[in-house]
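One file, final19.cif, carrying mmCIF, C-alpha atoms:
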data_protein
#
loop_
_atom_site.label_atom_id
_atom_site.label_comp_id
_atom_site.auth_asym_id
_atom_site.auth_seq_id
_atom_site.Cartn_x
_atom_site.Cartn_y
_atom_site.Cartn_z
CA MET A 9 -2.56 19.09 -11.13
CA ASP A 10 -6.22 19.78 -11.56
CA GLY A 11 -6.73 22.40 -14.22
CA VAL A 12 -6.95 23.07 -17.93
CA PRO A 13 -3.22 22.59 -18.71
CA ASP A 14 -3.15 18.93 -17.61
CA ARG A 15 -5.91 17.77 -19.99
CA LEU A 16 -5.87 16.78 -23.64
CA HIS A 17 -8.16 18.91 -25.80
CA PRO A 18 -9.47 18.29 -29.34
CA ALA A 19 -7.29 20.24 -31.76
CA GLU A 20 -10.18 21.01 -34.12
CA GLY A 21 -12.05 23.28 -31.72
CA LEU A 22 -8.90 25.11 -30.59
CA LEU A 23 -7.78 25.82 -34.16
CA ARG A 24 -11.23 26.89 -35.35
CA GLU A 25 -12.21 29.18 -32.49
CA GLY A 26 -8.91 30.10 -30.89
CA ARG A 27 -7.39 28.64 -27.78
CA ALA A 28 -9.22 30.67 -25.09
CA ALA A 29 -12.65 30.54 -26.73
CA GLY A 30 -12.20 26.90 -27.67
CA LEU A 31 -11.31 25.92 -24.11
CA ARG A 32 -14.32 27.75 -22.70
CA LYS A 33 -16.75 26.33 -25.23
CA GLY A 34 -15.35 22.83 -25.07
CA ALA A 35 -15.06 22.57 -21.28
CA ASP A 36 -18.22 20.50 -20.96
CA ARG A 37 -17.01 18.06 -23.60
CA HIS A 38 -13.84 17.09 -21.75
CA ARG A 39 -15.48 15.35 -18.79
CA PRO A 40 -16.84 11.84 -19.38
CA VAL A 41 -19.01 12.02 -16.25
CA LEU A 42 -20.62 14.77 -14.19
CA VAL A 43 -21.45 14.88 -10.48
CA ASP A 44 -25.19 14.36 -10.10
CA ALA A 45 -25.48 14.12 -6.31
CA TYR A 46 -23.24 13.85 -3.26
CA GLU A 47 -23.89 13.18 0.40
CA GLY A 48 -20.95 13.11 2.79
CA ASN A 49 -20.13 9.70 4.27
CA ALA A 50 -22.99 8.18 2.25
CA TYR A 51 -22.62 8.20 -1.53
CA LEU A 52 -21.46 9.94 -4.71
CA ARG A 53 -23.64 9.64 -7.82
CA LEU A 54 -22.18 10.33 -11.26
CA LYS A 55 -24.03 10.59 -14.54
CA ALA A 56 -22.76 10.32 -18.10
CA ASN A 57 -21.95 13.58 -19.83
CA PRO A 58 -24.00 13.68 -23.05
CA LYS A 59 -21.62 16.25 -24.54
CA TYR A 60 -18.47 14.19 -23.93
CA TRP A 61 -16.43 13.96 -27.12
CA GLY A 62 -15.09 10.47 -26.39
CA GLY A 63 -18.28 8.49 -26.90
CA LYS A 64 -21.00 6.99 -24.73
CA PRO A 65 -19.86 5.24 -21.51
CA ALA A 66 -20.96 1.75 -20.48
CA PHE A 67 -23.27 3.08 -17.76
CA GLU A 68 -25.51 6.13 -17.67
CA THR A 69 -25.30 6.34 -13.86
CA VAL A 70 -22.64 5.18 -11.41
CA VAL A 71 -23.08 5.33 -7.63
CA PHE A 72 -20.14 5.06 -5.23
CA LYS A 73 -21.34 4.04 -1.77
CA PHE A 74 -19.04 4.88 1.13
CA VAL A 75 -19.06 1.68 3.23
CA PRO A 76 -16.03 1.62 5.54
CA ASP A 77 -17.08 -1.56 7.38
CA ALA A 78 -15.92 -4.77 5.67
CA THR A 79 -18.84 -6.83 6.97
CA SER A 80 -21.26 -4.33 5.50
CA ARG A 81 -19.49 -4.50 2.13
CA VAL A 82 -19.93 -8.27 2.16
CA ALA A 83 -23.64 -7.81 2.85
CA GLU A 84 -23.93 -5.26 0.03
CA ILE A 85 -22.58 -7.61 -2.64
CA GLU A 86 -24.19 -10.79 -1.30
CA SER A 87 -27.65 -9.22 -1.13
CA GLY A 88 -27.35 -7.68 -4.59
CA SER A 89 -27.57 -4.12 -3.27
CA SER A 90 -24.24 -3.32 -4.92
CA ASP A 91 -22.82 -4.54 -8.22
CA VAL A 92 -19.12 -4.35 -7.28
CA THR A 93 -17.24 -4.23 -4.00
CA LEU A 94 -13.64 -4.56 -2.87
CA GLU A 95 -11.43 -4.97 0.23
CA VAL A 96 -13.51 -7.73 1.79
CA PRO A 97 -11.99 -10.33 4.17
CA TYR A 98 -10.18 -13.03 2.26
CA GLU A 99 -12.35 -15.75 3.80
CA GLU A 100 -15.45 -14.02 2.49
CA PHE A 101 -13.83 -13.53 -0.90
CA ASP A 102 -13.13 -17.25 -1.20
CA ARG A 103 -16.68 -18.06 -0.13
CA LEU A 104 -18.48 -15.60 -2.39
CA ARG A 105 -16.40 -15.89 -5.56
CA GLY A 106 -17.91 -19.33 -6.12
CA LYS A 107 -21.46 -18.31 -5.37
CA ALA A 108 -23.97 -18.29 -8.23
CA GLY A 109 -24.29 -14.84 -9.74
CA LEU A 110 -20.94 -13.58 -8.46
CA LYS A 111 -17.35 -13.54 -9.70
CA GLY A 112 -14.13 -12.46 -8.07
CA GLU A 113 -10.71 -11.16 -9.02
CA ILE A 114 -7.70 -10.69 -6.78
CA THR A 115 -4.50 -9.00 -7.85
CA PRO A 116 -1.37 -7.55 -6.17
CA ILE A 117 -1.68 -3.78 -5.84
CA SER A 118 0.70 -0.91 -5.14
CA ASP A 119 0.24 -1.05 -1.34
CA ILE A 120 2.97 -2.66 0.75
CA ALA A 121 3.46 -3.42 4.44
CA GLN A 122 6.66 -3.02 6.42
CA ILE A 123 7.92 -2.78 9.97
CA PHE A 124 9.70 0.51 10.61
CA ILE A 125 12.79 0.32 12.79
CA THR A 126 13.74 3.33 14.88
CA ASN A 127 17.15 4.41 16.13
CA GLY A 128 18.07 3.90 19.75
CA GLY A 129 18.74 1.13 22.22
CA VAL A 130 19.33 -2.35 20.91
CA MET A 131 18.25 -1.34 17.41
CA ASP A 132 21.49 0.58 16.98
CA ASP A 133 23.20 -2.82 16.79
CA LYS A 134 23.28 -3.99 13.17
CA ASN A 135 23.36 -7.65 14.20
CA VAL A 136 20.22 -7.22 16.27
CA ARG A 137 18.38 -5.58 13.39
CA LEU A 138 19.40 -8.27 10.94
CA ALA A 139 18.54 -11.00 13.44
CA LEU A 140 15.04 -9.58 13.72
CA ILE A 141 14.65 -9.32 9.95
CA HIS A 142 15.92 -12.84 9.20
CA ALA A 143 13.66 -14.30 11.89
CA VAL A 144 10.44 -13.20 10.13
CA ASP A 145 8.91 -15.87 7.89
CA LYS A 146 7.15 -13.72 5.30
CA GLU A 147 5.97 -16.70 3.28
CA ALA A 148 4.22 -18.06 6.38
CA ILE A 149 2.58 -14.70 7.05
CA VAL A 150 1.14 -14.63 3.54
CA LYS A 151 0.11 -18.27 3.60
CA ARG A 152 -1.33 -18.55 7.10
CA LEU A 153 -2.63 -15.07 7.84
CA LEU A 154 -3.57 -13.85 4.36
CA ARG A 155 -4.68 -17.20 2.88
CA GLY A 156 -1.93 -17.01 0.28
CA TYR A 157 -2.99 -13.62 -1.05
CA GLY A 158 0.07 -11.40 -1.03
CA VAL A 159 3.66 -11.20 -2.26
CA PRO A 160 6.62 -11.28 0.18
CA ILE A 161 9.08 -8.46 -0.52
CA ALA A 162 12.73 -7.91 0.36
CA THR A 163 12.87 -4.15 -0.25
CA LEU A 164 10.42 -1.25 -0.35
CA GLU A 165 9.97 -1.87 -4.07
CA ALA A 166 7.13 -4.14 -5.17
CA PRO A 167 7.63 -6.06 -8.45
CA GLU A 168 5.64 -3.45 -10.39
CA TYR A 169 7.72 -0.52 -9.08
CA ALA A 170 10.28 1.17 -11.33
CA ALA A 171 13.28 0.35 -9.09
CA PHE A 172 12.38 -3.27 -8.27
CA ASP A 173 15.51 -5.44 -8.22
CA PRO A 174 14.81 -9.20 -8.03
CA SER A 175 18.46 -9.91 -7.21
CA ILE A 176 18.07 -8.38 -3.73
CA LYS A 177 17.01 -11.20 -1.44
CA VAL A 178 16.67 -11.50 2.33
CA ALA A 179 16.32 -15.11 3.38
CA TYR A 180 14.24 -16.45 6.23
CA ASP A 181 16.81 -17.85 8.64
CA PRO A 182 15.63 -18.28 12.25
CA LEU A 183 19.10 -19.53 13.28
CA TRP A 184 20.83 -16.38 12.04
CA ARG A 185 20.34 -14.76 15.46
CA ARG A 186 22.23 -17.55 17.22
CA SER A 187 25.12 -17.53 14.77
CA SER A 188 25.52 -13.75 14.77
CA CYS A 189 24.33 -12.69 18.21
CA GLY A 190 24.74 -15.82 20.27
CA GLU A 191 22.10 -16.15 22.98
CA ARG A 192 22.21 -12.44 23.59
CA LEU A 193 19.40 -10.91 25.62
CA PHE A 194 18.26 -7.31 25.62
CA GLN A 195 19.04 -5.30 28.72
CA GLY A 196 16.07 -3.06 29.55
CA LYS A 197 15.42 -0.27 32.02
CA ALA A 198 15.73 -0.79 35.76
CA GLY A 199 17.72 -3.96 35.27
CA GLN A 200 14.95 -5.74 33.37
CA VAL A 201 16.04 -8.33 30.84
CA HIS A 202 13.99 -8.90 27.71
CA HIS A 203 14.17 -11.70 25.20
CA PRO A 204 14.26 -10.54 21.55
CA ASN A 205 10.71 -11.91 21.10
CA ASP A 206 9.42 -9.33 23.59
CA ALA A 207 9.70 -6.42 21.16
CA ARG A 208 6.54 -4.33 20.99
CA PHE A 209 5.23 -2.86 17.75
CA GLN A 210 2.44 -0.41 17.10
CA ALA A 211 0.37 -1.03 13.98
CA GLU A 212 -1.51 1.80 12.34
CA GLY A 213 -3.18 1.97 8.95
CA LEU A 214 -5.64 3.93 6.87
CA ARG A 215 -8.09 1.03 6.97
CA ASP A 216 -8.36 -2.53 8.22
CA ARG A 217 -6.77 -5.06 5.94
CA PRO A 218 -8.08 -8.64 5.72
CA GLY A 219 -6.11 -10.64 8.26
CA ASP A 220 -4.88 -7.71 10.36
CA ARG A 221 -6.70 -8.80 13.49
CA ARG A 222 -5.63 -12.42 13.01
CA ASP A 223 -2.10 -11.02 12.74
CA VAL A 224 -2.53 -9.43 16.17
CA ALA A 225 -3.68 -12.73 17.66
CA GLN A 226 -0.81 -14.61 16.00
CA CYS A 227 1.73 -12.14 17.34
CA ARG A 228 0.38 -12.53 20.86
CA HIS A 229 0.49 -16.30 20.52
CA ARG A 230 4.17 -16.09 19.63
CA GLY A 231 5.01 -13.86 22.58
CA ARG A 232 5.07 -10.59 20.69
CA HIS A 233 2.69 -7.74 21.42
CA ARG A 234 1.02 -5.64 18.77
CA ASP A 235 -1.59 -2.89 19.04
CA LEU A 236 -3.87 -2.37 16.06
CA ARG A 237 -5.19 1.19 15.82
CA ASN A 238 -7.17 2.00 12.74
CA ARG A 239 -7.12 5.75 12.06
CA GLN A 240 -8.60 7.71 9.21
CA ALA A 241 -5.87 10.36 9.51
CA LEU A 242 -2.53 8.60 9.80
CA ARG A 243 0.47 10.44 11.14
CA THR A 244 3.51 8.30 10.51
CA ALA A 245 5.59 10.52 12.79
CA HIS A 246 3.76 8.91 15.72
CA VAL A 247 4.90 5.50 14.57
CA ALA A 248 8.49 6.69 14.37
CA GLN A 249 8.29 7.48 18.08
CA ALA A 250 6.42 4.31 19.05
CA GLY A 251 9.44 2.46 20.40
CA ALA A 252 11.13 -0.48 18.74
CA GLY A 253 9.19 -0.03 15.52
CA GLY A 254 5.82 0.25 13.87
CA VAL A 255 3.92 -1.81 11.30
CA LEU A 256 2.63 0.36 8.48
CA GLN A 257 0.87 0.13 5.15
CA LEU A 258 2.14 2.49 2.46
CA GLY A 259 0.78 3.08 -1.03
CA ASN A 260 2.74 4.05 -4.13
CA ALA A 261 0.29 4.36 -7.01
CA ILE A 262 2.90 5.71 -9.44
CA GLY A 263 5.51 3.07 -8.58
CA ASP A 264 8.37 5.55 -8.29
CA PRO A 265 11.11 4.81 -5.70
CA THR A 266 10.94 8.35 -4.33
CA CYS A 267 7.44 7.56 -3.04
CA SER A 268 8.50 4.31 -1.36
CA THR A 269 12.15 4.16 -0.35
CA GLY A 270 12.62 7.92 -0.56
CA PHE A 271 9.84 9.12 1.71
CA ALA A 272 10.14 6.15 4.08
CA MET A 273 13.91 6.27 4.61
CA PHE A 274 15.20 9.85 4.05
CA SER A 275 15.58 11.38 7.50
CA LYS A 276 14.25 14.77 6.38
CA SER A 277 10.95 13.14 5.42
CA PRO A 278 8.16 13.25 8.06
CA HIS A 279 7.40 9.62 7.17
CA SER A 280 10.81 8.22 8.09
CA ALA A 281 11.67 6.34 11.27
CA TRP A 282 15.35 5.46 10.79
CA HIS A 283 17.62 8.51 10.76
CA SER A 284 21.29 8.17 9.84
CA ASP A 285 23.78 10.32 7.94
CA ASP A 286 25.16 7.40 5.91
CA LEU A 287 21.75 6.71 4.36
CA ASP A 288 20.94 10.38 3.78
CA ALA A 289 24.23 10.75 1.90
CA LYS A 290 23.17 8.04 -0.53
CA ILE A 291 19.57 9.21 -0.96
CA GLY A 292 20.13 12.97 -1.09
CA PRO A 293 21.68 13.24 -4.59
CA LEU A 294 18.92 11.09 -6.12
CA TRP A 295 16.25 13.73 -5.56
CA GLY A 296 17.84 15.90 -8.24
CA GLU A 297 19.30 13.27 -10.58
CA LYS A 298 18.20 14.10 -14.14
CA ASP A 299 19.48 10.98 -15.88
CA GLU A 300 16.63 8.48 -15.49
CA LYS A 301 18.77 5.35 -15.71
CA LYS A 302 21.25 6.69 -13.17
CA ARG A 303 18.37 7.69 -10.92
CA ILE A 304 16.72 4.27 -10.95
CA ASP A 305 20.08 2.47 -10.60
CA GLY A 306 20.85 4.77 -7.69
CA TRP A 307 17.63 3.82 -5.91
CA LYS A 308 18.35 0.14 -6.51
CA ALA A 309 21.75 0.61 -4.86
CA VAL A 310 20.07 2.37 -1.92
CA ASP A 311 17.61 -0.50 -1.53
CA ARG A 312 20.46 -3.00 -1.48
CA TYR A 313 22.34 -0.98 1.14
CA ILE A 314 19.23 -0.73 3.33
CA ALA A 315 18.75 -4.50 3.13
CA GLU A 316 22.39 -5.11 4.06
CA GLN A 317 22.19 -2.75 7.04
CA GLY A 318 18.75 -3.87 8.23
CA TYR A 319 17.30 -0.36 8.46
CA ILE A 320 13.71 -1.50 7.80
CA LEU A 321 11.78 -4.76 7.59
CA PRO A 322 9.75 -4.96 4.35
CA LEU A 323 6.99 -7.54 4.74
CA LEU A 324 4.66 -7.98 1.79
CA GLN A 325 2.76 -6.52 -1.11
CA TYR A 326 -0.97 -6.61 -0.55
CA ALA A 327 -3.45 -8.26 -2.91
CA GLN A 328 -6.84 -6.62 -3.36
CA PRO A 329 -9.98 -8.79 -3.57
CA VAL A 330 -12.77 -7.54 -5.86
CA LEU A 331 -16.23 -9.14 -6.02
CA TYR A 332 -18.81 -8.32 -8.69
CA LYS A 333 -21.96 -9.58 -10.35
CA SER A 334 -21.26 -12.26 -12.94
CA ASP A 335 -22.87 -10.29 -15.80
CA LEU A 336 -20.18 -7.61 -15.49
CA LYS A 337 -16.57 -7.43 -16.62
CA VAL A 338 -14.11 -5.85 -14.18
CA THR A 339 -10.47 -5.02 -14.86
CA PRO A 340 -8.45 -4.86 -11.60
CA ASN A 341 -6.48 -1.67 -11.02
CA VAL A 342 -2.95 -2.16 -9.69
CA SER A 343 -3.23 1.19 -7.88
CA GLY A 344 -6.16 -0.22 -5.90
CA ALA A 345 -8.56 2.46 -7.17
CA LEU A 346 -11.76 1.07 -8.70
CA GLN A 347 -12.84 3.29 -11.61
CA PRO A 348 -16.08 3.23 -13.65
CA THR A 349 -14.03 2.93 -16.84
CA LEU A 350 -12.73 -0.44 -15.62
CA VAL A 351 -16.23 -1.91 -15.34
CA SER A 352 -18.25 -2.92 -18.38
CA LYS A 353 -21.18 -5.15 -19.31
#
Produce C-alpha cells that represent the structure in this file.
Amino acid sequence: MDGVPDRLHPAEGLLREGRAAGLRKGADRHRPVLVDAYEGNAYLRLKANPKYWGGKPAFETVVFKFVPDATSRVAEIESGSSDVTLEVPYEEFDRLRGKAGLKGEITPISDIAQIFITNGGVMDDKNVRLALIHAVDKEAIVKRLLRGYGVPIATLEAPEYAAFDPSIKVAYDPLWRRSSCGERLFQGKAGQVHHPNDARFQAEGLRDRPGDRRDVAQCRHRGRHRDLRNRQALRTAHVAQAGAGGVLQLGNAIGDPTCSTGFAMFSKSPHSAWHSDDLDAKIGPLWGEKDEKKRIDGWKAVDRYIAEQGYILPLLQYAQPVLYKSDLKVTPNVSGALQPTLVSK
C-alpha cells in the first residue's frame, strides 16, 4: 500500500479542519524526508522535511549511493567517501572493523539460502533425496565458506520467522546414504552411470553474497559442479527447470511462513520447484485459515512434513555485515534494509 489510508495522521488537524481538508493541508507534514535529487544507477539524495510533525531528524541530508560492486563498496568506506556501507566480503569486514575510525556490526537477516529439488529421475526416490540432504554439512559451510557468519537452518523458517520450530532438526550424517541406499549409483542417459556426488546445481541470486565464489570452488573441489549466475532480474521458474536442483537466496522481510514455505513449496506458485499433490493438500487450506494459531501451527506441521520427505534442502540464514564510521551509531535491520532512521550521531 502506498497511499493516504496506510499512514497515521495527527488527529488535531483532521478534527479542526475536516478529514479531506486536513489531509490535503497536512500532506507535507507526514513525510520525514523529501527527495532532493535522483540519478539512475548513481545516487538518491534525501533532505529533511522542515514541516515534518515528528521532530528534526539526525541528518539534514542523506545520500544513498548505488554501488553494486562489493570491491567498490569496500573502497568507499575505507577511503572515507561513504559513512556507512553493507554487504562487503566477510574477509574485508573482519579486516576493516578493527581499523581506526571504523566500526562494524553483523547480524542474521531475513534472507535464507536453500537448494531446490525438482521432481523427476532419481529425485523421485525419497531415500535419494534424504541421502543428499543428510550428506550436506551446513555447519562446515558456515564455518569454512562464510567465516562463521550465518545460521544453519533445517526448514524454510529462520529463527526470527513466525513459524520457526526449533524441534525440527535434520542431522548431518554422511553415512545415512550407505545405510538407506547402499552403494547405489544413479543410472543416467545412454547407459551412463553417475555417482551421487555428480549432481549439477545452478545457482542464481539477486546479488553476489560474500563467499559465493568460494562456494563454487569448494563444490568443484568436492566433485560437484555449480554455475554461479548473478542476475538483477531473477526468474525462479528457470531454476525449477535447471535439472537436479538450484541454489537460491530468498528474502522474507515480514517473517510470515506464506512468504517462505508457502511460495517456495506450493506447486501453484511460480517460485516452486517441487510439485506434488500430497504437499499441496497440506498447504492449500492454510492460505485461507483465519485462526492465527491454527495457521502458524499448520505451517509448522508442513515444515516438518517437508523435512521428513526431503522435498527441499534448506541451507542457512545469511548474516549481513555493516561497516560505518566510528562516530556514528548504527542499528542493524533484520530485514537487511539500511534506513536513515537507524543511523544516528
Would you mind listing what lies within 8 Å of segment 306-311 of chain A as an MDAnalysis selection string, with all atoms listed in the file counted and same-chain residues fewer than 4 positions away left out?
chainID A and resid 163:164 171:173 265 269 287 290:291 294 302 315
Anything within 12 Å of (13.6, 16.6, -5.2): list those residues as an MDAnalysis selection string, counting all atoms listed in the file and sticking to the file's coordinates.
chainID A and resid 266:267 270:271 274 276:277 291:298 303
Excluding Pro160 of chain A and any residue of its chain fewer than 4 positions from it, enumerate the residues within 7 Å of it, using only C-alpha atoms, and give them as a tab-separated table (two decimals) with C-alpha atoms, keeping the file's coordinate frame.
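Written output follows (result.tsv):
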chain	number	residue	atom	x	y	z
A	146	LYS	CA	7.15	-13.72	5.30
A	147	GLU	CA	5.97	-16.70	3.28
A	323	LEU	CA	6.99	-7.54	4.74
A	324	LEU	CA	4.66	-7.98	1.79
A	325	GLN	CA	2.76	-6.52	-1.11
Expand the PyMOL selection byres ((chain A and resi 118) around 6) into the explicit residue set it covers here, and present it as a PyMOL selection string.
chain A and resi 117+119+259-261+342-343
Run the PyMOL selection byres ((chain A and resi 66) around 9) on the file and write out the hits as a PyMOL selection string.
chain A and resi 64-65+67-68+348-349+351-353
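Counting only C-alpha atoms, the residue from A:Glu47, A:Glu168, A:Asp132, A:Asp145 that sits nearest to His283 of chain A is A:Asp132.
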Please report the interatomic distance between atom CA of Trp61 of chain A and atom CA of Val43 of chain A in Å with one decimal.
17.4 Å
Select, counting only C-alpha atoms, all protein, DNA and RNA residues no farther than 12 Å from (24.6, -2.5, 13.3) in file coordinates, and express the selection as a VMD selection string.
chain A and resid 127 to 140 188 to 189 284 314 to 319
